[in-house]
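Text of final_37.txt, listed as compact mmCIF, C-alpha atoms:
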# COMPACT_ATOMS: atom_id res chain seq x y z
CA MET G 77 0.00 0.00 0.00
CA MET G 78 1.21 3.47 -0.83
CA PRO G 79 0.68 6.30 1.70
CA SER G 80 -1.54 9.10 0.41
CA SER G 81 1.35 11.58 0.30
CA LYS G 82 3.44 9.20 -1.83
CA ARG G 83 0.52 8.54 -4.20
CA GLY G 84 -0.08 12.28 -4.50
CA ARG G 85 3.58 12.84 -5.37
CA TRP G 86 3.41 10.02 -7.94
CA LEU G 87 0.37 11.56 -9.66
CA ALA G 88 1.91 15.05 -9.50
CA ALA G 89 5.12 13.77 -11.11
CA PHE G 90 3.18 12.24 -13.99
CA ALA G 91 1.11 15.37 -14.44
CA LEU G 92 4.28 17.48 -14.53
CA ALA G 93 5.88 15.12 -17.07
CA LEU G 94 2.82 15.41 -19.27
CA TRP G 95 2.67 19.19 -18.97
CA THR G 96 6.37 19.66 -19.75
CA ALA G 97 6.11 17.30 -22.73
CA GLY G 98 3.48 19.64 -24.17
CA THR G 99 0.14 18.74 -25.61
CA ALA G 100 1.07 18.82 -29.29
CA TRP G 101 0.16 15.51 -30.87
CA PRO G 102 0.65 14.81 -34.57
CA GLN G 103 -2.72 13.76 -36.01
CA GLY G 104 -2.83 10.19 -37.30
CA GLN G 105 0.10 9.05 -35.12
CA PRO G 106 -0.01 6.85 -32.00
CA GLN G 107 0.67 8.72 -28.78
CA ASP G 108 3.50 7.69 -26.47
CA LEU G 109 2.68 8.42 -22.83
CA PRO G 110 4.46 7.90 -19.49
CA ALA G 111 3.94 4.37 -18.19
CA THR G 112 3.65 2.47 -14.94
CA THR G 113 3.85 -1.21 -14.05
CA LEU G 114 0.65 -2.99 -13.01
CA HIS G 115 0.31 -6.53 -11.69
CA VAL G 116 -2.41 -9.14 -12.03
CA GLY G 117 -1.50 -12.42 -10.41
CA MET G 118 2.02 -13.29 -11.59
CA HIS G 119 1.71 -11.12 -14.72
CA ASN G 120 3.24 -7.67 -15.12
CA ILE G 121 1.74 -5.06 -17.43
CA ARG G 122 3.50 -1.98 -18.77
CA ALA G 123 0.59 0.46 -18.97
CA GLN G 124 0.82 3.87 -20.59
CA LEU G 125 -1.20 6.41 -18.59
CA ALA G 126 -3.92 8.42 -20.31
CA LEU G 127 -4.54 11.13 -17.70
CA THR G 128 -5.98 14.11 -19.58
CA PRO G 129 -9.24 14.31 -21.55
CA GLU G 130 -7.27 14.64 -24.83
CA GLN G 131 -5.05 11.64 -24.02
CA ARG G 132 -8.10 9.57 -23.07
CA GLN G 133 -9.89 10.55 -26.29
CA ILE G 134 -6.90 9.51 -28.47
CA GLY G 135 -6.15 6.37 -26.43
CA LEU G 136 -4.65 3.60 -28.55
CA MET G 137 -5.72 5.04 -31.92
CA PHE G 138 -3.50 4.51 -34.97
CA ARG G 139 -1.34 1.72 -33.50
CA GLN G 140 -0.52 -1.08 -35.92
CA ASN G 141 0.32 -3.46 -33.06
CA MET G 142 1.06 -3.55 -29.36
CA PRO G 143 3.47 -5.79 -27.42
CA ASN G 144 1.74 -8.60 -25.53
CA HIS G 145 2.24 -7.31 -21.97
CA GLU G 146 1.59 -3.64 -22.76
CA GLY G 147 -1.62 -1.67 -22.57
CA MET G 148 -3.10 1.68 -21.65
CA LEU G 149 -4.66 2.70 -18.34
CA PHE G 150 -7.27 5.44 -18.66
CA VAL G 151 -7.40 7.41 -15.41
CA PHE G 152 -10.51 9.45 -14.59
CA GLU G 153 -10.82 12.10 -11.89
CA GLN G 154 -13.70 10.36 -10.15
CA PRO G 155 -15.77 7.19 -10.52
CA ALA G 156 -18.48 7.29 -13.19
CA THR G 157 -20.00 5.00 -15.80
CA GLN G 158 -17.39 4.97 -18.58
CA CYS G 159 -18.06 4.07 -22.21
CA PHE G 160 -15.43 3.30 -24.85
CA TRP G 161 -15.43 2.97 -28.65
CA MET G 162 -12.80 2.05 -31.24
CA ARG G 163 -12.83 4.80 -33.89
CA ASN G 164 -9.39 4.95 -35.58
CA THR G 165 -8.20 2.05 -33.42
CA LEU G 166 -6.63 -0.54 -35.70
CA ILE G 167 -6.07 -3.47 -33.32
CA PRO G 168 -8.69 -5.55 -31.47
CA LEU G 169 -8.71 -4.76 -27.76
CA SER G 170 -10.18 -6.02 -24.51
CA ALA G 171 -11.08 -3.48 -21.83
CA ALA G 172 -11.24 -4.08 -18.09
CA PHE G 173 -13.36 -1.56 -16.19
CA LEU G 174 -11.78 -1.08 -12.74
CA THR G 175 -12.85 0.40 -9.42
CA GLU G 176 -10.75 2.79 -7.36
CA ASP G 177 -8.87 -0.13 -5.76
CA GLY G 178 -8.22 -1.99 -9.05
CA THR G 179 -11.05 -4.53 -8.82
CA VAL G 180 -12.34 -5.66 -12.22
CA VAL G 181 -16.03 -4.75 -12.61
CA ASN G 182 -16.56 -6.08 -16.12
CA LEU G 183 -14.62 -6.96 -19.27
CA VAL G 184 -15.48 -6.33 -22.92
CA ASP G 185 -13.94 -7.27 -26.25
CA MET G 186 -13.97 -4.49 -28.85
CA LYS G 187 -13.72 -4.63 -32.65
CA PRO G 188 -11.25 -2.34 -34.46
CA GLN G 189 -12.56 0.81 -36.15
CA SER G 190 -16.02 0.55 -34.64
CA ASP G 191 -18.19 3.25 -33.09
CA ASP G 192 -20.03 0.64 -30.97
CA SER G 193 -20.18 1.78 -27.36
CA HIS G 194 -18.87 -0.52 -24.59
CA CYS G 195 -19.69 0.64 -21.06
CA SER G 196 -18.90 -0.21 -17.48
CA THR G 197 -21.72 -1.91 -15.61
CA LYS G 198 -21.20 0.41 -12.63
CA PRO G 199 -19.15 3.55 -11.88
CA VAL G 200 -15.39 3.03 -12.33
CA ARG G 201 -12.30 5.21 -11.99
CA TYR G 202 -10.03 3.30 -14.41
CA VAL G 203 -10.18 1.40 -17.69
CA LEU G 204 -7.32 -0.86 -18.77
CA GLU G 205 -7.08 -1.73 -22.48
CA MET G 206 -4.98 -4.70 -23.57
CA ASN G 207 -4.69 -6.80 -26.73
CA GLN G 208 -7.93 -8.70 -27.25
CA GLY G 209 -7.98 -11.95 -25.31
CA TRP G 210 -5.21 -10.96 -22.87
CA PHE G 211 -7.50 -11.10 -19.81
CA ALA G 212 -9.28 -14.30 -20.91
CA LYS G 213 -5.99 -16.14 -21.58
CA ARG G 214 -4.90 -15.37 -18.01
CA GLY G 215 -8.20 -16.19 -16.34
CA VAL G 216 -8.88 -12.57 -15.32
CA LYS G 217 -12.60 -12.19 -14.57
CA PRO G 218 -14.85 -9.72 -12.75
CA GLY G 219 -13.79 -9.55 -9.12
CA ALA G 220 -10.08 -10.04 -9.92
CA LYS G 221 -7.71 -7.45 -8.52
CA ILE G 222 -5.12 -5.48 -10.49
CA SER G 223 -2.45 -3.81 -8.37
CA GLY G 224 0.03 -1.00 -8.89
CA ALA G 225 0.67 2.60 -7.86
CA PRO G 226 -2.53 4.08 -9.35
CA PHE G 227 -4.69 1.83 -7.14
CA ALA G 228 -2.95 2.56 -3.82
CA PRO G 229 -5.22 4.09 -1.16
CA ARG G 230 -5.23 7.87 -0.96

For the file at hand, write its structure as structure tokens.
Amino acid sequence: MMPSSKRGRWLAAFALALWTAGTAWPQGQPQDLPATTLHVGMHNIRAQLALTPEQRQIGLMFRQNMPNHEGMLFVFEQPATQCFWMRNTLIPLSAAFLTEDGTVVNLVDMKPQSDDSHCSTKPVRYVLEMNQGWFAKRGVKPGAKISGAPFAPR
């Protein structure tokens, strides 16, 4: 568990890194964001952090591929029902909707380049996108716990 002051410093450091990197993003190109390591069971995930509304909107768009143990963690300011779509996203993805403490609420598989909406079944603070089938292949189901710095108590 991370003390609230340490978690606050961690989030502040990422926000500063994002601000100093600027917000310019070349249209039609994948974004490259700061990352953190998450854990589910014995598996490690390198998750890029989408912290701002613009970063969350772009997400994993325009990527031709993604390494097997990499993904993107979408971080929202407060829990709410979150809905995702796949416009301009070229690879099939699975999304895990996560509570404040990293508990999986529900999982969805999403088709590339689709405007179909995929929503959390209850308010969540995080959404973790991985290559499609990643969660299923590792037996991750609703109720499973994902750990890492973003999920430490405040």

Might you pull out every residue within 7 Å of G:Ser170, with all atoms listed in the file counted and same-chain residues fewer than 6 positions away left off, and present them as a PDB file with C-alpha atoms, in the frame of the given file?
ATOM      1  CA  LEU G 183     -14.620  -6.960 -19.270  1.00  0.00           C
ATOM      2  CA  VAL G 184     -15.480  -6.330 -22.920  1.00  0.00           C
ATOM      3  CA  ASP G 185     -13.940  -7.270 -26.250  1.00  0.00           C
ATOM      4  CA  MET G 186     -13.970  -4.490 -28.850  1.00  0.00           C
ATOM      5  CA  GLU G 205      -7.080  -1.730 -22.480  1.00  0.00           C
ATOM      6  CA  MET G 206      -4.980  -4.700 -23.570  1.00  0.00           C
ATOM      7  CA  ASN G 207      -4.690  -6.800 -26.730  1.00  0.00           C
ATOM      8  CA  GLN G 208      -7.930  -8.700 -27.250  1.00  0.00           C
ATOM      9  CA  GLY G 209      -7.980 -11.950 -25.310  1.00  0.00           C
TER      10      GLY G 209
END

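Nearest residue to G:Lys221 among G:Thr165, G:His145, G:His115, G:Ile134 is G:His115, counting all atoms listed in the file.
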
Using only C-alpha atoms, which of the listed residues (G:Gly224, G:Pro199, G:Pro229, G:Gly215) sits closest to G:Ala111? G:Gly224

Could you check which of G:Pro155, G:Gly178, G:Gly219, G:Pro168 is closest to G:Lys198, using only C-alpha atoms? G:Pro155

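Minimum distance to G:Phe138 across G:Gln103, G:Gln154, G:Thr179, G:Thr112 (counting all atoms listed in the file) occurs at G:Gln103.
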
Give me the residues near G:Tyr202 as a ChimeraX atom specification, where near means some atom within 9 Å (using only C-alpha atoms) and where sequence neighbours in that chain fewer than 3 positions away do not count. /G:149-152,155,158,172-176,178

Which of G:Gln133, G:Gln189, G:Ser196, G:Asn164 sits closest to G:Gln105 [using only C-alpha atoms]: G:Asn164

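The spacing separating atom CA of G:Asp108 from atom CA of G:Leu136 amounts to 9.4 Å.
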